[in-house]
Amino acid sequence: MKATFNDFIAKAPNYKKFDGNSEAIHIFENILSDDKNIIAMIDISEAGKPALCACLSQIENFYQNQVSPIFDLRDNFTKQALGTMVRVVLEPFGYLTKSQKDIPKSFNALFVTSAMTYTKSGPATMRVTRRIEEI
């Protein structure tokens, strides 16, 4: 089963202040937990880049479209929470943190300057399957 926002709060109680935060929930459930984004985060992790790069532009665009953001990407604690969300999303697939790296300039990040890289080194309860089928 994929991780839920409640799993994030349970695994990282220091971010309990985001419990009920509609923007944090949206980012976790609709961006980070999107199947295509999970696959992209795994692929980019395999390439040695920070997993967050795969969907950072979506997250930053969402943030910029908020009139009065309540999940503020200019705040370091909030950015750390975002990184922890990525960790919670990738853990069921066996991906664990490896090291922190700068976001490559080619991703044109506006608010996040570094994020964790991941390696498949833990136990997995979920897997990504890809198939080529004739249509």
# chains A, B, ... in the order shown; residues from 1 in each chain; ligands from 1
$ select_by_dssp --residues "segment 45-132 of chain A" --states "alpha helix (DSSP H)" --output "JSON, numbers by chain"
{"A": [45, 46, 56, 57, 58, 59, 60, 61, 62, 63, 64, 76, 77, 78, 79, 80, 81, 82, 83, 84, 85, 86, 87, 88, 89, 90]}
$ select_by_dssp --residues "segment 38-109 of chain A" --states "strand (DSSP E or B)" --output "PDB file with C-alpha atoms, in the first residue's frame"
ATOM      1  CA  TYR A  95      14.233   3.431  -1.507  1.00  0.00           C
ATOM      2  CA  LEU A  96      16.165   4.917   1.384  1.00  0.00           C
ATOM      3  CA  THR A  97      18.069   8.180   1.653  1.00  0.00           C
ATOM      4  CA  LYS A  98      21.636   8.173   0.418  1.00  0.00           C
ATOM      5  CA  SER A  99      23.013  11.718   0.419  1.00  0.00           C
ATOM      6  CA  GLN A 100      21.979  15.316  -0.010  1.00  0.00           C
ATOM      7  CA  LYS A 101      22.818  17.009  -3.303  1.00  0.00           C
ATOM      8  CA  ASP A 102      22.205  20.377  -4.862  1.00  0.00           C
TER       9      ASP A 102
END
$ residues_around --residues "Phe111 of chain A" --least-positions-apart "5" --cutoff "8 Å" --atoms "only C-alpha atoms" --output "PyMOL selection string"
chain A and resi 60+73-74
$ residues_around --residues "segment 21-35 of chain A" --least-positions-apart "2" --cutoff "9 Å" --atoms "only C-alpha atoms" --output "list of chain:residue names"
A:Lys2, A:Ala3, A:Thr4, A:Phe5, A:Phe8, A:Lys17, A:Phe18, A:Asp19, A:Asn37, A:Ile38, A:Ile39, A:Ala40, A:Met41, A:Leu52, A:Cys55, A:Gln58, A:Ile59, A:Phe62, A:Tyr63, A:Gln66, A:Pro69, A:Ile70, A:Phe71, A:Leu82, A:Met85, A:Val86, A:Val89
$ closest_residue --among "A:Thr117, A:Gln80, A:Ser68, A:Thr125" --to "Lys49 of chain A" --atoms "only C-alpha atoms"
A:Thr117
